[in-house]
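Okay, so here's the structure we're looking at.
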Amino acid sequence: MKVKEINTLSELKSMLAANQRTFLLLYKGGSATSGCAESYLEEAVSALKEGNVLKADANKVRDIHPDYGVDTVPSLLVFEKNELKNIIKGCQTASYYKNLIENQLYQSNVSSSGKSAPSVTVYSTPTCPWCTTLKNYLRQHKIQFTDINVAADPHMAQELVRKSGHTGVPQTEINGQMIVGFDKARLNSMLNING
């Protein structure tokens, strides 16, 4: 699969109407951080078989970012139909983008089958052994999640402290409720894991 370049807000709106989930990278050509995000997103998408992933250069496309209140690039906008659901700022790793897109597609497929999948986000750092343990536990039980590396994104680290009042990782957000640390009993209860 490839990332499709778009050139206008109206082109974006027609893509949103035609797809359940859409991902749009707003970037600035010539910027190192934007180049990083664009490169990793392209790498992540090349490994996927499905999804609607777009990009738009804010140097050329001037009508998208004001319409959605985006004031910094690179920013990955996550849409569900016509509604903006999330904005991920900065350059993330290819694995982060791949996990994010796969998780959103998985949630879409589950919700269309009539079952409700929980929204799970893990806040972690690459050097944290408990973070790895937690993510492996979720994978073992086939729980789809979004992994946010707070070491690479100071904005998300601040957001984490705002949500939970804690700076340590791992932290897991399940349908808006925060779990600090690897609290297996609470994870099992909230995610209906028998173990």
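Scheme for the structure tokens: letters A, B, ... for chains in order shown; per-chain residue numbers from 1; ligand numbers from 1 in order shown.
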
Distance query Val73 of chain A at most 9 Å, only C-alpha atoms, self and fewer than 5 positions along chain excluded, as a list in words
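Contacts, in chain order: Leu25, Leu26, Tyr27, Lys28, Thr33, Ser34, Ala58, Lys89 and Gly90 of chain A.
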
If we count only C-alpha atoms and set the cut-off at 8 Å, which residues sit around segment 121-133 of chain A, ignoring sequence neighbours fewer than 6 positions away in its own chain? Please answer as JSON, numbers by chain.
{"A": [145, 146, 147, 148, 149, 150, 151, 160, 169, 170, 171, 172, 173, 174, 181, 182]}

What's the 12 Å shell around Ser75 of chain A, counting only C-alpha atoms, without same-chain residues fewer than 4 positions away, as a PyMOL selection string?
chain A and resi 23-28+33-38+41+54-58+64-65+68-71+86-92+97+153

Let's have the selection written as a compact mmCIF listing (two decimals), in the first residue's frame, with C-alpha atoms.
```
# COMPACT_ATOMS: atom_id res chain seq x y z
CA PHE A 23 -5.21 8.97 8.36
CA LEU A 24 -3.75 12.26 7.09
CA LEU A 25 -0.17 13.39 7.64
CA LEU A 26 0.16 17.15 7.43
CA TYR A 27 3.84 17.90 6.86
CA LYS A 28 6.07 20.67 5.59
CA THR A 33 11.09 16.64 11.37
CA SER A 34 8.44 16.46 8.66
CA GLY A 35 10.79 14.41 6.48
CA CYS A 36 11.26 12.00 9.40
CA ALA A 37 7.47 11.60 9.88
CA GLU A 38 6.84 11.23 6.15
CA LEU A 41 4.78 6.73 7.71
CA LEU A 54 -3.04 10.37 2.96
CA LYS A 55 -0.51 13.17 3.17
CA ALA A 56 -0.57 16.88 2.38
CA ASP A 57 2.30 19.36 2.25
CA ALA A 58 1.28 22.41 4.31
CA ILE A 64 -6.68 21.88 5.58
CA HIS A 65 -4.77 22.81 8.76
CA TYR A 68 -9.00 21.37 11.78
CA GLY A 69 -7.11 23.73 14.10
CA VAL A 70 -3.68 22.21 13.39
CA ASP A 71 -0.95 24.67 14.34
CA ASN A 86 -7.10 12.38 17.24
CA ILE A 87 -4.02 14.42 16.31
CA ILE A 88 -0.57 12.90 16.84
CA LYS A 89 2.11 15.57 16.67
CA GLY A 90 5.76 15.14 15.80
CA CYS A 91 7.73 12.33 14.20
CA GLN A 92 6.92 8.83 15.44
CA TYR A 97 2.45 4.42 12.85
CA ASP A 153 7.07 13.12 22.28
```

Could you please write out, as a CSV table (one decimal) with N, CA and C atoms, in the first residue's frame, every residue of segment 2-184 of chain A that DSSP assigns to alpha helix (DSSP H)?
```csv
chain,number,residue,atom,x,y,z
A,9,LEU,N,-8.6,20.7,0.6
A,9,LEU,CA,-9.6,20.3,1.6
A,9,LEU,C,-10.7,19.6,1.0
A,10,SER,N,-11.2,20.0,-0.1
A,10,SER,CA,-12.4,19.3,-0.8
A,10,SER,C,-12.0,17.8,-1.1
A,11,GLU,N,-10.8,17.6,-1.6
A,11,GLU,CA,-10.3,16.3,-1.9
A,11,GLU,C,-10.3,15.4,-0.6
A,12,LEU,N,-9.8,16.0,0.5
A,12,LEU,CA,-9.8,15.3,1.8
A,12,LEU,C,-11.2,14.9,2.2
A,13,LYS,N,-12.2,15.9,2.1
A,13,LYS,CA,-13.5,15.6,2.5
A,13,LYS,C,-14.2,14.5,1.7
A,14,SER,N,-13.9,14.4,0.4
A,14,SER,CA,-14.5,13.3,-0.4
A,14,SER,C,-13.9,12.0,0.0
A,15,MET,N,-12.6,12.0,0.4
A,15,MET,CA,-11.9,10.7,0.9
A,15,MET,C,-12.5,10.3,2.2
A,16,LEU,N,-12.8,11.3,3.1
A,16,LEU,CA,-13.4,11.0,4.4
A,16,LEU,C,-14.8,10.4,4.3
A,17,ALA,N,-15.6,10.9,3.4
A,17,ALA,CA,-16.9,10.4,3.2
A,17,ALA,C,-16.9,9.0,2.6
A,18,ALA,N,-15.9,8.6,1.9
A,18,ALA,CA,-15.8,7.3,1.2
A,18,ALA,C,-15.2,6.2,2.1
A,32,ALA,N,13.2,18.9,8.4
A,32,ALA,CA,13.8,17.6,8.8
A,32,ALA,C,12.8,16.8,9.6
A,33,THR,N,12.1,17.4,10.6
A,33,THR,CA,11.1,16.6,11.4
A,33,THR,C,10.0,16.1,10.5
A,34,SER,N,9.5,16.9,9.6
A,34,SER,CA,8.4,16.5,8.7
A,34,SER,C,8.9,15.3,7.8
A,35,GLY,N,10.2,15.5,7.3
A,35,GLY,CA,10.8,14.4,6.5
A,35,GLY,C,10.9,13.1,7.2
A,36,CYS,N,11.2,13.2,8.5
A,36,CYS,CA,11.3,12.0,9.4
A,36,CYS,C,9.9,11.3,9.5
A,37,ALA,N,8.8,12.1,9.8
A,37,ALA,CA,7.5,11.6,9.9
A,37,ALA,C,7.0,11.0,8.6
A,38,GLU,N,7.3,11.7,7.5
A,38,GLU,CA,6.8,11.2,6.2
A,38,GLU,C,7.5,9.9,5.8
A,39,SER,N,8.8,9.8,6.1
A,39,SER,CA,9.6,8.6,5.8
A,39,SER,C,9.1,7.4,6.6
A,40,TYR,N,8.9,7.6,7.9
A,40,TYR,CA,8.4,6.5,8.8
A,40,TYR,C,7.0,6.1,8.4
A,41,LEU,N,6.2,7.1,8.1
A,41,LEU,CA,4.8,6.7,7.7
A,41,LEU,C,4.8,5.9,6.4
A,42,GLU,N,5.6,6.3,5.4
A,42,GLU,CA,5.7,5.6,4.2
A,42,GLU,C,6.1,4.1,4.5
A,43,GLU,N,7.1,4.0,5.3
A,43,GLU,CA,7.7,2.7,5.7
A,43,GLU,C,6.6,1.8,6.4
A,44,ALA,N,5.8,2.4,7.3
A,44,ALA,CA,4.8,1.7,8.0
A,44,ALA,C,3.7,1.2,7.1
A,45,VAL,N,3.3,2.1,6.2
A,45,VAL,CA,2.1,1.8,5.3
A,45,VAL,C,2.5,0.8,4.2
A,46,SER,N,3.8,0.7,3.9
A,46,SER,CA,4.3,-0.2,2.8
A,46,SER,C,4.0,-1.7,3.3
A,64,ILE,N,-6.3,23.0,4.7
A,64,ILE,CA,-6.7,21.9,5.6
A,64,ILE,C,-6.4,22.2,7.0
A,65,HIS,N,-5.1,22.6,7.3
A,65,HIS,CA,-4.8,22.8,8.8
A,65,HIS,C,-5.6,23.9,9.5
A,66,PRO,N,-6.0,25.0,8.9
A,66,PRO,CA,-6.9,25.9,9.6
A,66,PRO,C,-8.3,25.3,9.9
A,67,ASP,N,-8.7,24.5,9.0
A,67,ASP,CA,-10.1,23.9,9.1
A,67,ASP,C,-10.2,23.0,10.3
A,94,ALA,N,8.2,4.1,12.6
A,94,ALA,CA,7.4,3.4,11.7
A,94,ALA,C,6.5,2.4,12.4
A,95,SER,N,7.1,1.7,13.4
A,95,SER,CA,6.3,0.7,14.2
A,95,SER,C,5.1,1.4,14.9
A,96,TYR,N,5.3,2.6,15.4
A,96,TYR,CA,4.3,3.4,16.1
A,96,TYR,C,3.1,3.6,15.0
A,97,TYR,N,3.5,4.1,13.9
A,97,TYR,CA,2.5,4.4,12.8
A,97,TYR,C,1.7,3.1,12.4
A,98,LYS,N,2.5,2.1,12.2
A,98,LYS,CA,1.9,0.8,11.8
A,98,LYS,C,0.9,0.3,12.9
A,99,ASN,N,1.4,0.3,14.1
A,99,ASN,CA,0.5,-0.1,15.2
A,99,ASN,C,-0.8,0.7,15.3
A,100,LEU,N,-0.6,2.0,15.2
A,100,LEU,CA,-1.7,2.9,15.3
A,100,LEU,C,-2.8,2.6,14.2
A,101,ILE,N,-2.3,2.5,12.9
A,101,ILE,CA,-3.2,2.3,11.8
A,101,ILE,C,-3.8,0.9,11.9
A,102,GLU,N,-3.0,-0.1,12.2
A,102,GLU,CA,-3.6,-1.5,12.4
A,102,GLU,C,-4.6,-1.5,13.5
A,103,ASN,N,-4.4,-0.8,14.6
A,103,ASN,CA,-5.3,-0.8,15.7
A,103,ASN,C,-6.6,-0.2,15.3
A,104,GLN,N,-6.5,1.0,14.6
A,104,GLN,CA,-7.7,1.7,14.2
A,104,GLN,C,-8.5,0.8,13.2
A,105,LEU,N,-7.8,0.2,12.3
A,105,LEU,CA,-8.5,-0.7,11.3
A,105,LEU,C,-9.2,-1.9,12.0
A,106,TYR,N,-8.4,-2.4,13.0
A,106,TYR,CA,-9.0,-3.6,13.8
A,106,TYR,C,-10.3,-3.1,14.5
A,107,GLN,N,-10.2,-2.0,15.2
A,107,GLN,CA,-11.4,-1.5,15.9
A,107,GLN,C,-12.5,-1.3,14.9
A,108,SER,N,-12.3,-0.8,13.7
A,108,SER,CA,-13.3,-0.6,12.7
A,108,SER,C,-13.9,-1.9,12.3
A,109,ASN,N,-13.1,-2.9,12.1
A,109,ASN,CA,-13.6,-4.2,11.7
A,109,ASN,C,-14.4,-4.9,12.8
A,110,VAL,N,-14.0,-4.7,14.1
A,110,VAL,CA,-14.7,-5.3,15.2
A,110,VAL,C,-16.0,-4.6,15.4
A,111,SER,N,-16.0,-3.3,15.3
A,111,SER,CA,-17.3,-2.6,15.5
A,111,SER,C,-18.3,-2.8,14.4
A,112,SER,N,-17.8,-3.1,13.2
A,112,SER,CA,-18.7,-3.4,12.1
A,112,SER,C,-19.3,-4.8,12.3
A,129,PRO,N,11.6,-1.9,31.0
A,129,PRO,CA,11.3,-3.3,30.9
A,129,PRO,C,9.8,-3.7,31.2
A,130,TRP,N,9.2,-2.9,32.2
A,130,TRP,CA,7.8,-3.2,32.5
A,130,TRP,C,6.9,-2.8,31.3
A,131,CYS,N,7.3,-1.8,30.5
A,131,CYS,CA,6.5,-1.4,29.4
A,131,CYS,C,6.5,-2.6,28.4
A,132,THR,N,7.7,-3.2,28.2
A,132,THR,CA,7.7,-4.4,27.2
A,132,THR,C,6.9,-5.5,27.8
A,133,THR,N,7.0,-5.8,29.1
A,133,THR,CA,6.2,-6.9,29.7
A,133,THR,C,4.7,-6.6,29.5
A,134,LEU,N,4.2,-5.4,29.7
A,134,LEU,CA,2.8,-5.0,29.5
A,134,LEU,C,2.4,-5.2,28.1
A,135,LYS,N,3.2,-4.7,27.1
A,135,LYS,CA,2.8,-4.8,25.7
A,135,LYS,C,2.8,-6.3,25.3
A,136,ASN,N,3.7,-7.0,25.7
A,136,ASN,CA,3.7,-8.5,25.4
A,136,ASN,C,2.5,-9.2,26.0
A,137,TYR,N,2.1,-8.8,27.2
A,137,TYR,CA,0.9,-9.4,27.8
A,137,TYR,C,-0.3,-9.1,27.0
A,138,LEU,N,-0.5,-7.8,26.5
A,138,LEU,CA,-1.6,-7.4,25.7
A,138,LEU,C,-1.6,-8.2,24.4
A,139,ARG,N,-0.4,-8.3,23.7
A,139,ARG,CA,-0.3,-9.0,22.5
A,139,ARG,C,-0.7,-10.5,22.7
A,140,GLN,N,-0.2,-11.1,23.8
A,140,GLN,CA,-0.5,-12.5,24.1
A,140,GLN,C,-2.0,-12.7,24.1
A,154,PRO,N,7.4,15.0,23.9
A,154,PRO,CA,7.2,15.7,25.1
A,154,PRO,C,5.8,16.2,25.3
A,155,HIS,N,5.1,16.5,24.2
A,155,HIS,CA,3.7,16.9,24.3
A,155,HIS,C,2.9,15.7,24.9
A,156,MET,N,3.1,14.5,24.4
A,156,MET,CA,2.3,13.4,24.9
A,156,MET,C,2.7,13.1,26.4
A,157,ALA,N,4.0,13.3,26.7
A,157,ALA,CA,4.4,13.1,28.1
A,157,ALA,C,3.7,14.1,29.1
A,158,GLN,N,3.5,15.3,28.6
A,158,GLN,CA,2.7,16.3,29.4
A,158,GLN,C,1.3,15.9,29.5
A,159,GLU,N,0.7,15.4,28.4
A,159,GLU,CA,-0.6,14.9,28.3
A,159,GLU,C,-0.9,13.8,29.3
A,160,LEU,N,0.1,12.9,29.4
A,160,LEU,CA,0.0,11.7,30.3
A,160,LEU,C,-0.1,12.2,31.7
A,161,VAL,N,0.8,13.1,32.1
A,161,VAL,CA,0.8,13.7,33.5
A,161,VAL,C,-0.6,14.4,33.7
A,162,ARG,N,-1.1,15.1,32.7
A,162,ARG,CA,-2.4,15.7,32.9
A,162,ARG,C,-3.5,14.7,33.2
A,163,LYS,N,-3.4,13.6,32.4
A,163,LYS,CA,-4.5,12.6,32.6
A,163,LYS,C,-4.4,11.8,33.9
A,164,SER,N,-3.2,11.4,34.3
A,164,SER,CA,-3.1,10.5,35.4
A,164,SER,C,-2.5,11.1,36.7
A,184,LYS,N,-1.8,-6.2,36.6
A,184,LYS,CA,-2.4,-7.3,35.9
A,184,LYS,C,-3.9,-7.6,36.2
```

Report the distance between atom CA of Asn192 of chain A and atom CA of Lys142 of chain A in Å, rounded to one decimal place.
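These two atoms are separated by 11.6 Å.
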
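If you measure from each of A:Asn175, A:Lys2, A:Ser119, A:Ala185 to Lys49 of chain A using only C-alpha atoms, the closest one turns out to be A:Lys2.
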
Separation of atom CA of Thr167 of chain A from atom CA of Ile179 of chain A, in Å and rounded to one decimal:
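It comes out at 12.3 Å.
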
Mind checking DSSP for segment 1-138 of chain A and telling me the strand (DSSP E or B) residues as an MDAnalysis selection string?
chainID A and resid 4:5 21:27 53:57 75:80 83:89 120:124

Output C-alpha atoms for every residue in that selection, as a compact mmCIF listing (two decimals), in the first residue's frame.
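Saved result, selection.txt, follows:
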```txt
# COMPACT_ATOMS: atom_id res chain seq x y z
CA LYS A 4 -1.62 9.14 -1.34
CA GLU A 5 -0.77 12.83 -1.73
CA ARG A 21 -11.11 5.41 8.84
CA THR A 22 -8.70 7.91 7.29
CA PHE A 23 -5.21 8.97 8.36
CA LEU A 24 -3.75 12.26 7.09
CA LEU A 25 -0.17 13.39 7.64
CA LEU A 26 0.16 17.15 7.43
CA TYR A 27 3.84 17.90 6.86
CA VAL A 53 -3.56 6.90 4.42
CA LEU A 54 -3.04 10.37 2.96
CA LYS A 55 -0.51 13.17 3.17
CA ALA A 56 -0.57 16.88 2.38
CA ASP A 57 2.30 19.36 2.25
CA SER A 75 0.79 16.10 12.61
CA LEU A 76 -1.04 12.87 11.85
CA LEU A 77 -4.82 13.40 11.87
CA VAL A 78 -6.98 10.36 12.60
CA PHE A 79 -10.54 10.51 11.23
CA GLU A 80 -13.53 8.29 11.73
CA GLU A 83 -15.03 13.36 12.37
CA LEU A 84 -11.50 14.19 13.55
CA LYS A 85 -10.76 11.76 16.42
CA ASN A 86 -7.10 12.38 17.24
CA ILE A 87 -4.02 14.42 16.31
CA ILE A 88 -0.57 12.90 16.84
CA LYS A 89 2.11 15.57 16.67
CA VAL A 120 -6.46 0.86 24.62
CA THR A 121 -3.43 3.16 24.62
CA VAL A 122 -0.11 2.25 26.24
CA TYR A 123 2.25 5.05 27.23
CA SER A 124 5.80 3.72 27.34
```

Please, what distance in Å, to one decimal, runs between atom CA of Ala152 of chain A and atom CA of Pro118 of chain A?
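Atom CA of Pro118 of chain A lies 25.3 Å from atom CA of Ala152 of chain A.
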
Nearest candidate to Gln177 of chain A (options A:Lys60, A:Pro74, A:Gly29, A:Leu191; using only C-alpha atoms)
A:Leu191
